[in-house]
$ cat input-v3.tsv   # TSV, C-alpha atoms and all ligand atoms
chain	number	residue	atom	x	y	z
Y	1	MET	CA	28.70	-24.13	-17.95
Y	2	VAL	CA	25.89	-21.83	-16.95
Y	3	LEU	CA	24.40	-21.92	-13.51
Y	4	GLU	CA	20.74	-21.13	-13.62
Y	5	GLN	CA	20.20	-18.08	-11.50
Y	6	LYS	CA	17.27	-17.99	-9.17
Y	7	ASN	CA	15.38	-14.83	-9.76
Y	8	THR	CA	12.00	-13.22	-9.54
Y	9	THR	CA	10.25	-10.12	-10.79
Y	10	ILE	CA	8.93	-7.47	-8.44
Y	11	ALA	CA	6.69	-4.52	-9.22
Y	12	TYR	CA	4.64	-1.71	-7.69
Y	13	ARG	CA	2.62	1.23	-8.95
Y	14	CYS	CA	4.16	4.66	-8.51
Y	15	PRO	CA	1.78	6.88	-6.48
Y	16	VAL	CA	3.28	9.99	-8.05
Y	17	CYS	CA	3.08	9.33	-11.79
Y	18	GLY	CA	0.92	6.20	-11.92
Y	19	ALA	CA	3.41	4.10	-13.85
Y	20	GLY	CA	3.95	0.43	-13.12
Y	21	VAL	CA	7.54	-0.04	-11.96
Y	22	MET	CA	8.99	-3.47	-12.54
Y	23	SER	CA	12.37	-5.13	-12.09
Y	24	MET	CA	14.05	-8.49	-11.97
Y	25	VAL	CA	15.67	-9.43	-8.68
Y	26	GLY	CA	18.18	-12.24	-8.39
Y	27	VAL	CA	19.49	-13.99	-5.31
Y	28	PHE	CA	22.81	-12.34	-6.00
Y	29	SER	CA	21.51	-8.79	-6.05
Y	30	LEU	CA	19.71	-9.57	-2.82
Y	31	SER	CA	22.85	-10.71	-1.09
Y	32	ALA	CA	23.62	-7.02	-0.77
Y	33	ASN	CA	20.87	-6.96	1.88
Y	34	MET	CA	19.17	-3.94	0.46
Y	35	PHE	CA	17.69	-3.41	-2.95
Y	36	LYS	CA	15.92	-0.25	-4.05
Y	37	LEU	CA	13.52	-0.20	-6.98
Y	38	LYS	CA	12.97	3.36	-8.14
Y	39	CYS	CA	10.40	4.86	-10.49
Y	40	SER	CA	11.92	6.71	-13.42
Y	41	CYS	CA	9.99	9.84	-12.38
Y	42	GLY	CA	12.07	9.92	-9.22
Y	43	GLY	CA	9.00	10.31	-7.04
Y	44	SER	CA	8.86	6.94	-5.34
Y	45	HIS	CA	10.74	3.76	-4.57
Y	46	MET	CA	10.18	0.31	-3.17
Y	47	ASP	CA	12.70	-1.11	-0.69
Y	48	ILE	CA	13.61	-4.75	-0.41
Y	49	ASN	CA	15.58	-5.81	2.66
Y	50	VAL	CA	16.93	-9.20	3.56
Y	51	GLN	CA	16.48	-9.64	7.30
Y	52	SER	CA	18.86	-11.53	9.54
Y	53	ASP	CA	16.38	-14.43	9.73
Y	54	GLY	CA	16.47	-14.74	5.93
Y	55	ASN	CA	12.97	-13.39	5.40
Y	56	ILE	CA	12.51	-10.55	2.98
Y	57	ARG	CA	11.00	-7.27	4.04
Y	58	LEU	CA	9.32	-5.13	1.39
Y	59	THR	CA	8.41	-1.49	1.84
Y	60	VAL	CA	5.89	-0.73	-0.88
Y	61	PRO	CA	4.44	2.68	-1.81
Y	62	CYS	CA	0.64	2.75	-1.95
Y	63	VAL	CA	-1.37	4.66	-4.54
Y	64	PHE	CA	-3.82	5.84	-1.89
Y	65	CYS	CA	-2.10	5.90	1.47
Y	66	PRO	CA	0.35	8.61	2.58
Y	67	ASN	CA	2.81	6.04	3.94
Y	68	PRO	CA	4.22	2.92	2.30
Y	69	HIS	CA	3.12	-0.50	3.53
Y	70	VAL	CA	5.57	-3.00	4.99
Y	71	TYR	CA	5.32	-6.73	4.27
Y	72	THR	CA	7.54	-9.62	5.29
Y	73	VAL	CA	7.69	-12.71	3.09
Y	74	SER	CA	9.80	-15.84	3.26
Y	75	ARG	CA	12.60	-16.40	0.80
Y	76	SER	CA	10.94	-19.46	-0.68
Y	77	LEU	CA	7.77	-17.53	-1.30
Y	78	PHE	CA	9.71	-14.60	-2.75
Y	79	PHE	CA	11.50	-16.78	-5.30
Y	80	GLY	CA	9.08	-19.66	-5.58
Y	81	ARG	CA	5.71	-18.31	-6.66
Y	82	ASP	CA	4.34	-17.63	-10.12
Y	83	ILE	CA	2.54	-14.68	-8.66
Y	84	PHE	CA	2.15	-13.29	-5.16
Y	85	LEU	CA	0.19	-10.12	-4.44
Y	86	LEU	CA	0.60	-7.62	-1.62
Y	87	PRO	CA	-2.66	-5.78	-0.96
Y	88	CYS	CA	-3.11	-2.41	0.72
Y	89	PRO	CA	-4.43	-3.18	4.22
Y	90	ILE	CA	-6.95	-0.36	3.99
Y	91	TYR	CA	-8.29	-0.38	0.44
Y	92	GLY	CA	-7.59	-3.94	-0.58
Y	93	ILE	CA	-6.11	-2.91	-3.94
Y	94	ASP	CA	-2.93	-4.79	-4.76
Y	95	VAL	CA	0.10	-2.51	-4.48
Y	96	GLY	CA	2.99	-4.96	-4.65
Y	97	PHE	CA	3.65	-7.85	-7.04
Y	98	ILE	CA	6.15	-10.69	-6.85
Y	99	GLY	CA	6.53	-13.54	-9.30
Y	100	ARG	CA	7.24	-14.43	-12.90
Y	101	GLU	CA	7.60	-11.55	-15.29
Y	102	GLY	CA	4.61	-12.51	-17.42
Y	103	ASP	CA	2.26	-12.96	-14.48
Y	104	VAL	CA	3.43	-9.76	-12.85
Y	105	SER	CA	2.71	-7.67	-15.95
Y	106	VAL	CA	-0.73	-9.23	-16.26
Y	107	GLU	CA	-1.49	-8.23	-12.66
Y	108	LEU	CA	-0.12	-4.73	-13.17
Y	109	GLU	CA	-2.50	-4.30	-16.10
Y	110	ARG	CA	-5.43	-5.73	-14.17
Y	111	THR	CA	-4.93	-3.39	-11.21
Y	112	GLU	CA	-4.57	-0.42	-13.54
Y	113	LYS	CA	-8.01	-1.26	-14.90
Y	114	GLU	CA	-9.34	-1.68	-11.36
Y	115	LEU	CA	-7.89	1.68	-10.40
Y	116	ARG	CA	-9.39	3.32	-13.48
Y	117	GLU	CA	-12.82	1.93	-12.60
Y	118	MET	CA	-12.49	3.15	-9.02
Y	119	LEU	CA	-11.66	6.62	-10.30
Y	120	GLU	CA	-14.44	6.61	-12.87
Y	121	GLU	CA	-16.93	5.72	-10.14
Y	122	ASN	CA	-15.83	8.92	-8.51
Y	123	GLY	CA	-16.28	10.91	-11.69
Y	124	ILE	CA	-12.66	11.07	-12.74
Y	125	SER	CA	-12.03	10.03	-16.30
Y	126	ASP	CA	-8.32	9.32	-16.33
Y	127	LEU	CA	-5.41	8.83	-14.02
Y	128	ASP	CA	-4.97	12.52	-13.25
Y	129	LEU	CA	-5.05	11.48	-9.64
Y	130	PHE	CA	-1.33	11.00	-10.08
Y	131	SER	CA	-0.44	14.30	-11.67
Y	132	GLY	CA	-0.10	15.87	-8.25
Y	133	ASP	CA	-1.11	19.31	-9.48
Y	134	ASN	CA	-4.77	18.84	-10.25
Y	135	ASP	CA	-6.32	22.25	-10.75
Y	136	GLU	CA	-9.35	21.74	-8.54
Y	137	ASP	CA	-9.82	20.56	-4.97
Y	138	ASP	CA	-6.17	21.23	-4.40
Y	139	ASP	CA	-6.57	22.37	-0.84
Y	140	PRO	CA	-6.89	19.23	1.24
Y	141	LEU	CA	-8.83	21.04	3.92
Y	142	SER	CA	-11.29	22.62	1.51
Y	143	ASP	CA	-13.61	19.68	1.81
Y	144	PRO	CA	-14.74	18.88	5.35
Y	145	GLN	CA	-16.85	16.12	3.85
Y	146	ILE	CA	-13.72	13.99	3.56
Y	147	TYR	CA	-13.43	13.83	7.32
Y	148	ASP	CA	-17.09	12.96	7.63
Y	149	ILE	CA	-16.76	10.11	5.16
Y	150	VAL	CA	-13.63	8.69	6.76
Y	151	MET	CA	-14.95	9.04	10.31
Y	152	PHE	CA	-18.20	7.41	9.30
Y	153	VAL	CA	-16.43	4.43	7.77
Y	154	ILE	CA	-14.10	4.01	10.75
Y	155	LYS	CA	-17.08	4.00	13.14
Y	156	ASP	CA	-18.83	1.52	10.93
Y	157	LEU	CA	-15.83	-0.82	10.78
Y	158	GLN	CA	-15.38	-0.54	14.53
Y	159	GLU	CA	-18.98	-1.49	15.22
Y	160	ALA	CA	-18.73	-4.45	12.85
Y	161	GLY	CA	-15.52	-5.61	14.54
Y	162	ASP	CA	-13.59	-5.14	11.31
Y	163	ILE	CA	-10.68	-3.23	12.76
Y	164	LYS	CA	-7.78	-5.64	13.19
Y	165	CYS	CA	-4.82	-5.25	15.53
Y	166	SER	CA	-2.39	-7.48	17.43
Y	167	CYS	CA	-4.62	-7.85	20.48
Y	168	GLY	CA	-7.90	-7.78	18.59
Y	169	ASN	CA	-9.69	-6.02	21.40
Y	170	GLY	CA	-9.50	-2.28	21.15
Y	171	PRO	CA	-10.90	0.13	22.17
Y	172	TYR	CA	-9.64	2.34	19.39
Y	173	SER	CA	-8.98	6.01	19.56
Y	174	ILE	CA	-8.87	8.44	16.71
Y	175	ASP	CA	-6.44	11.30	16.13
Y	176	ILE	CA	-7.02	13.83	13.41
Y	177	PHE	CA	-4.01	15.19	11.57
Y	178	ASP	CA	-3.73	17.52	8.59
Y	179	ASP	CA	-3.49	14.80	5.99
Y	180	CYS	CA	-4.75	11.71	7.75
Y	181	ILE	CA	-6.79	10.24	10.54
Y	182	ARG	CA	-4.86	7.91	12.81
Y	183	VAL	CA	-6.63	4.95	14.35
Y	184	THR	CA	-4.80	3.57	17.37
Y	185	CYS	CA	-5.59	0.59	19.58
Y	186	ASP	CA	-5.53	1.76	23.21
Y	187	GLU	CA	-4.69	-1.75	24.30
Y	188	CYS	CA	-1.75	-2.86	22.11
Y	189	GLY	CA	-0.75	0.43	20.51
Y	190	ASP	CA	-1.02	-0.71	16.89
Y	191	PHE	CA	-2.04	2.09	14.56
Y	192	GLU	CA	-2.82	2.94	10.96
Y	193	ASP	CA	-3.12	6.25	9.14
Y	194	VAL	CA	-6.12	6.70	6.90
Y	195	PRO	CA	-5.44	9.39	4.31
Y	196	THR	CA	-7.78	12.36	4.23
Y	197	ASP	CA	-5.84	14.56	1.84
Y	198	SER	CA	-7.72	13.58	-1.27
Y	199	THR	CA	-11.37	13.16	-2.13
Y	200	ILE	CA	-10.50	10.10	-4.18
Y	201	ALA	CA	-8.81	8.36	-1.29
Y	202	ALA	CA	-11.72	9.20	1.00
Y	203	ASN	CA	-14.21	7.87	-1.51
Y	204	ALA	CA	-12.14	4.76	-2.05
Y	205	PHE	CA	-12.21	4.25	1.70
Y	206	LEU	CA	-15.98	3.83	1.42
Y	207	HIS	CA	-15.19	0.48	-0.19
Y	208	ALA	CA	-12.93	-0.60	2.66
Y	209	TYR	CA	-14.09	-3.85	4.13
Y	210	ARG	CA	-11.70	-3.81	7.03
Y	211	LEU	CA	-8.97	-1.75	8.56
Y	212	GLU	CA	-5.79	-3.45	9.56
Y	213	LEU	CA	-3.55	-1.62	12.01
Y	214	THR	CA	-0.19	-2.55	10.53
Y	215	ASN	CA	2.13	-0.28	12.46
Y	216	HIS	CA	3.27	-1.81	15.71
Y	217	LYS	CA	4.32	0.12	18.75
Y	218	GLU	CA	7.29	-2.12	19.56
Y	219	GLU	CA	8.47	-2.37	15.97
Y	220	ASN	CA	12.08	-1.70	16.94
Y	221	ASN	CA	12.39	-4.46	19.50
R	1	ZN	ZN	6.70	7.62	-10.87
R	2	ZN	ZN	-2.60	1.63	1.18
R	3	ZN	ZN	-5.00	-4.00	19.87
$ encode --input "input-v3.tsv" --output "structure tokens" --more "lines below"
Ligand SMILES: [Zn+2]
Ligand SMILES: [Zn+2]
Ligand SMILES: [Zn+2]
Amino acid sequence: MVLEQKNTTIAYRCPVCGAGVMSMVGVFSLSANMFKLKCSCGGSHMDINVQSDGNIRLTVPCVFCPNPHVYTVSRSLFFGRDIFLLPCPIYGIDVGFIGREGDVSVELERTEKELREMLEENGISDLDLFSGDNDEDDDPLSDPQIYDIVMFVIKDLQEAGDIKCSCGNGPYSIDIFDDCIRVTCDECGDFEDVPTDSTIAANAFLHAYRLELTNHKEENN
């Protein structure tokens, strides 16, 4: 007699090589608490953790952001949906996919198209964003315009009240690092890093409709 195993398919797009990385996850592989889905290029991985409360925590690499995004979903959602999408909190592009294999591959294809269009809008004809050794504009600091763009958008979002944090109040302060600009809520301490190390990411940020501060100060409590 065969017990039908409860399983789901998860996927993400590798920020290093651009490939869609997909795998089946069963309840049994998850009982190990920690599951790592790695890209065959070796450049990135997605982590799936089962928390003590039974919810599932996913750490998903983002094609644009320097740091992965963390999402928590319930077990029933993780195993029960045909398709569930995890969007980047800054750019809105879907970076994580959970669901049935067929639906997940359809979404992977759709976002690849979306990504291609985003790049083409910025005058890039293929996915060489991912090659990592593009021959021009290699020096992240060579283009001070990037900072201007990102700072402009942050100011704009702030004025429109489209920066979201735990307290929802702000005010927000801005720290400039080598590869990102960090927006921090002075009130609750939530923060988010906006990448400034690529022209593409900066241009994509122009399309941002809101900025969610997803990193919490008391995350370890
Ligand atoms: Zn890869
Ligand atoms: Zn992102
Ligand atoms: Zn706040």
$ residues_near_ligand --input "input-v3.tsv" --ligand "ligand ZN 1 (chain R)" --cutoff "6 Å" --atoms "only C-alpha atoms and all ligand atoms" --output "JSON list (two decimals) with C-alpha atoms, in the frame of the given file"
[["chain", "number", "residue", "atom", "x", "y", "z"],
["Y", 14, "CYS", "CA", 4.16, 4.66, -8.51],
["Y", 16, "VAL", "CA", 3.28, 9.99, -8.05],
["Y", 17, "CYS", "CA", 3.08, 9.33, -11.79],
["Y", 19, "ALA", "CA", 3.41, 4.10, -13.85],
["Y", 39, "CYS", "CA", 10.40, 4.86, -10.49],
["Y", 40, "SER", "CA", 11.92, 6.71, -13.42],
["Y", 41, "CYS", "CA", 9.99, 9.84, -12.38],
["Y", 43, "GLY", "CA", 9.00, 10.31, -7.04],
["Y", 44, "SER", "CA", 8.86, 6.94, -5.34]]
$ residues_near_ligand --input "input-v3.tsv" --ligand "ligand ZN 3 (chain R)" --cutoff "8 Å" --atoms "all atoms listed in the file" --output "MDAnalysis selection string"
chainID Y and resid 164:172 184:190
$ write_last_selection --input "input-v3.tsv" --atoms "C-alpha atoms" --output "tab-separated table (two decimals), in the frame of the given file"
chain	number	residue	atom	x	y	z
Y	164	LYS	CA	-7.78	-5.64	13.19
Y	165	CYS	CA	-4.82	-5.25	15.53
Y	166	SER	CA	-2.39	-7.48	17.43
Y	167	CYS	CA	-4.62	-7.85	20.48
Y	168	GLY	CA	-7.90	-7.78	18.59
Y	169	ASN	CA	-9.69	-6.02	21.40
Y	170	GLY	CA	-9.50	-2.28	21.15
Y	171	PRO	CA	-10.90	0.13	22.17
Y	172	TYR	CA	-9.64	2.34	19.39
Y	184	THR	CA	-4.80	3.57	17.37
Y	185	CYS	CA	-5.59	0.59	19.58
Y	186	ASP	CA	-5.53	1.76	23.21
Y	187	GLU	CA	-4.69	-1.75	24.30
Y	188	CYS	CA	-1.75	-2.86	22.11
Y	189	GLY	CA	-0.75	0.43	20.51
Y	190	ASP	CA	-1.02	-0.71	16.89
$ closest_residue --input "input-v3.tsv" --among "Y:Val21, Y:Leu86, Y:Ala160, Y:Ile93" --to "Y:Val63" --atoms "only C-alpha atoms"
Y:Ile93
$ closest_atom_pairs --input "input-v3.tsv" --of "chain Y" --to "ligand ZN 2 (chain R)" --cutoff "12 Å" --atoms "all atoms listed in the file" --output "Markdown table"
| residue | atom | partner | partner_atom | distance |
| --- | --- | --- | --- | --- |
| Y:Tyr12 | CA | R:ZN2 | ZN | 11.9 |
| Y:Arg13 | CA | R:ZN2 | ZN | 11.4 |
| Y:Pro15 | CA | R:ZN2 | ZN | 10.3 |
| Y:Thr59 | CA | R:ZN2 | ZN | 11.5 |
| Y:Val60 | CA | R:ZN2 | ZN | 9.0 |
| Y:Pro61 | CA | R:ZN2 | ZN | 7.7 |
| Y:Cys62 | CA | R:ZN2 | ZN | 4.6 |
| Y:Val63 | CA | R:ZN2 | ZN | 6.6 |
| Y:Phe64 | CA | R:ZN2 | ZN | 5.4 |
| Y:Cys65 | CA | R:ZN2 | ZN | 4.3 |
| Y:Pro66 | CA | R:ZN2 | ZN | 7.7 |
| Y:Asn67 | CA | R:ZN2 | ZN | 7.5 |
| Y:Pro68 | CA | R:ZN2 | ZN | 7.0 |
| Y:His69 | CA | R:ZN2 | ZN | 6.5 |
| Y:Val70 | CA | R:ZN2 | ZN | 10.1 |
| Y:Tyr71 | CA | R:ZN2 | ZN | 11.9 |
| Y:Leu86 | CA | R:ZN2 | ZN | 10.2 |
| Y:Pro87 | CA | R:ZN2 | ZN | 7.7 |
| Y:Cys88 | CA | R:ZN2 | ZN | 4.1 |
| Y:Pro89 | CA | R:ZN2 | ZN | 6.0 |
| Y:Ile90 | CA | R:ZN2 | ZN | 5.5 |
| Y:Tyr91 | CA | R:ZN2 | ZN | 6.1 |
| Y:Gly92 | CA | R:ZN2 | ZN | 7.7 |
| Y:Ile93 | CA | R:ZN2 | ZN | 7.7 |
| Y:Asp94 | CA | R:ZN2 | ZN | 8.8 |
| Y:Val95 | CA | R:ZN2 | ZN | 7.5 |
| Y:Gly96 | CA | R:ZN2 | ZN | 10.4 |
| Y:Glu192 | CA | R:ZN2 | ZN | 9.9 |
| Y:Asp193 | CA | R:ZN2 | ZN | 9.2 |
| Y:Val194 | CA | R:ZN2 | ZN | 8.4 |
| Y:Pro195 | CA | R:ZN2 | ZN | 8.8 |
| Y:Ala201 | CA | R:ZN2 | ZN | 9.5 |
| Y:Ala202 | CA | R:ZN2 | ZN | 11.9 |
| Y:Ala204 | CA | R:ZN2 | ZN | 10.5 |
| Y:Phe205 | CA | R:ZN2 | ZN | 10.0 |
| Y:Ala208 | CA | R:ZN2 | ZN | 10.7 |
| Y:Leu211 | CA | R:ZN2 | ZN | 10.3 |
| Y:Glu212 | CA | R:ZN2 | ZN | 10.3 |
| Y:Leu213 | CA | R:ZN2 | ZN | 11.3 |
| Y:Thr214 | CA | R:ZN2 | ZN | 10.5 |
$ closest_residue --input "input-v3.tsv" --among "Y:Leu157, Y:Ile176, Y:Leu37, Y:Ile200" --to "Y:Met22" --atoms "only C-alpha atoms"
Y:Leu37
$ closest_residue --input "input-v3.tsv" --among "Y:Arg116, Y:Arg210, Y:Ile181, Y:Arg57" --to "Y:Ile163" --atoms "only C-alpha atoms"
Y:Arg210
$ build_atoms --input "input-v3.tsv" --residues "stretch 152-175 of chain Y" --atoms "N, CA and C atoms" --output "PDB file, keeping the file's coordinate frame"
ATOM      1  N   PHE Y 152     -17.028   8.284   9.394  1.00  0.00           N
ATOM      2  CA  PHE Y 152     -18.200   7.410   9.300  1.00  0.00           C
ATOM      3  C   PHE Y 152     -17.783   5.968   9.052  1.00  0.00           C
ATOM      4  N   VAL Y 153     -16.860   5.784   8.109  1.00  0.00           N
ATOM      5  CA  VAL Y 153     -16.430   4.430   7.770  1.00  0.00           C
ATOM      6  C   VAL Y 153     -15.688   3.787   8.943  1.00  0.00           C
ATOM      7  N   ILE Y 154     -14.840   4.561   9.606  1.00  0.00           N
ATOM      8  CA  ILE Y 154     -14.100   4.010  10.750  1.00  0.00           C
ATOM      9  C   ILE Y 154     -15.073   3.544  11.831  1.00  0.00           C
ATOM     10  N   LYS Y 155     -16.076   4.363  12.125  1.00  0.00           N
ATOM     11  CA  LYS Y 155     -17.080   4.000  13.140  1.00  0.00           C
ATOM     12  C   LYS Y 155     -17.792   2.713  12.749  1.00  0.00           C
ATOM     13  N   ASP Y 156     -18.125   2.671  11.465  1.00  0.00           N
ATOM     14  CA  ASP Y 156     -18.830   1.520  10.930  1.00  0.00           C
ATOM     15  C   ASP Y 156     -18.010   0.235  11.070  1.00  0.00           C
ATOM     16  N   LEU Y 157     -16.733   0.325  10.697  1.00  0.00           N
ATOM     17  CA  LEU Y 157     -15.830  -0.820  10.780  1.00  0.00           C
ATOM     18  C   LEU Y 157     -15.652  -1.248  12.235  1.00  0.00           C
ATOM     19  N   GLN Y 158     -15.566  -0.261  13.112  1.00  0.00           N
ATOM     20  CA  GLN Y 158     -15.380  -0.540  14.530  1.00  0.00           C
ATOM     21  C   GLN Y 158     -16.579  -1.295  15.075  1.00  0.00           C
ATOM     22  N   GLU Y 159     -17.767  -0.836  14.723  1.00  0.00           N
ATOM     23  CA  GLU Y 159     -18.980  -1.490  15.220  1.00  0.00           C
ATOM     24  C   GLU Y 159     -19.093  -2.913  14.688  1.00  0.00           C
ATOM     25  N   ALA Y 160     -18.643  -3.116  13.455  1.00  0.00           N
ATOM     26  CA  ALA Y 160     -18.730  -4.450  12.850  1.00  0.00           C
ATOM     27  C   ALA Y 160     -17.583  -5.364  13.288  1.00  0.00           C
ATOM     28  N   GLY Y 161     -16.661  -4.814  14.094  1.00  0.00           N
ATOM     29  CA  GLY Y 161     -15.520  -5.610  14.540  1.00  0.00           C
ATOM     30  C   GLY Y 161     -14.509  -5.838  13.426  1.00  0.00           C
ATOM     31  N   ASP Y 162     -14.480  -4.955  12.448  1.00  0.00           N
ATOM     32  CA  ASP Y 162     -13.590  -5.140  11.310  1.00  0.00           C
ATOM     33  C   ASP Y 162     -12.321  -4.318  11.387  1.00  0.00           C
ATOM     34  N   ILE Y 163     -11.988  -3.850  12.575  1.00  0.00           N
ATOM     35  CA  ILE Y 163     -10.680  -3.230  12.760  1.00  0.00           C
ATOM     36  C   ILE Y 163      -9.782  -4.284  13.397  1.00  0.00           C
ATOM     37  N   LYS Y 164      -8.657  -4.561  12.740  1.00  0.00           N
ATOM     38  CA  LYS Y 164      -7.780  -5.640  13.190  1.00  0.00           C
ATOM     39  C   LYS Y 164      -6.489  -5.087  13.776  1.00  0.00           C
ATOM     40  N   CYS Y 165      -6.101  -5.625  14.936  1.00  0.00           N
ATOM     41  CA  CYS Y 165      -4.820  -5.250  15.530  1.00  0.00           C
ATOM     42  C   CYS Y 165      -4.246  -6.478  16.235  1.00  0.00           C
ATOM     43  N   SER Y 166      -3.061  -6.331  16.802  1.00  0.00           N
ATOM     44  CA  SER Y 166      -2.390  -7.480  17.430  1.00  0.00           C
ATOM     45  C   SER Y 166      -3.242  -8.110  18.527  1.00  0.00           C
ATOM     46  N   CYS Y 167      -3.873  -7.290  19.362  1.00  0.00           N
ATOM     47  CA  CYS Y 167      -4.620  -7.850  20.480  1.00  0.00           C
ATOM     48  C   CYS Y 167      -6.060  -8.170  20.092  1.00  0.00           C
ATOM     49  N   GLY Y 168      -6.556  -7.499  19.078  1.00  0.00           N
ATOM     50  CA  GLY Y 168      -7.900  -7.780  18.590  1.00  0.00           C
ATOM     51  C   GLY Y 168      -9.018  -7.257  19.468  1.00  0.00           C
ATOM     52  N   ASN Y 169      -8.675  -6.453  20.464  1.00  0.00           N
ATOM     53  CA  ASN Y 169      -9.690  -6.020  21.400  1.00  0.00           C
ATOM     54  C   ASN Y 169     -10.139  -4.571  21.253  1.00  0.00           C
ATOM     55  N   GLY Y 170      -9.167  -3.695  21.049  1.00  0.00           N
ATOM     56  CA  GLY Y 170      -9.500  -2.280  21.150  1.00  0.00           C
ATOM     57  C   GLY Y 170      -9.596  -1.911  22.614  1.00  0.00           C
ATOM     58  N   PRO Y 171     -10.231  -0.838  23.036  1.00  0.00           N
ATOM     59  CA  PRO Y 171     -10.900   0.130  22.170  1.00  0.00           C
ATOM     60  C   PRO Y 171      -9.929   0.936  21.322  1.00  0.00           C
ATOM     61  N   TYR Y 172     -10.462   1.600  20.327  1.00  0.00           N
ATOM     62  CA  TYR Y 172      -9.640   2.340  19.390  1.00  0.00           C
ATOM     63  C   TYR Y 172      -9.874   3.829  19.564  1.00  0.00           C
ATOM     64  N   SER Y 173      -8.789   4.562  19.523  1.00  0.00           N
ATOM     65  CA  SER Y 173      -8.980   6.010  19.560  1.00  0.00           C
ATOM     66  C   SER Y 173      -8.559   6.619  18.248  1.00  0.00           C
ATOM     67  N   ILE Y 174      -9.046   7.807  18.003  1.00  0.00           N
ATOM     68  CA  ILE Y 174      -8.870   8.440  16.710  1.00  0.00           C
ATOM     69  C   ILE Y 174      -8.201   9.798  16.875  1.00  0.00           C
ATOM     70  N   ASP Y 175      -7.112  10.002  16.134  1.00  0.00           N
ATOM     71  CA  ASP Y 175      -6.440  11.300  16.130  1.00  0.00           C
ATOM     72  C   ASP Y 175      -6.563  11.907  14.758  1.00  0.00           C
TER      73      ASP Y 175
END
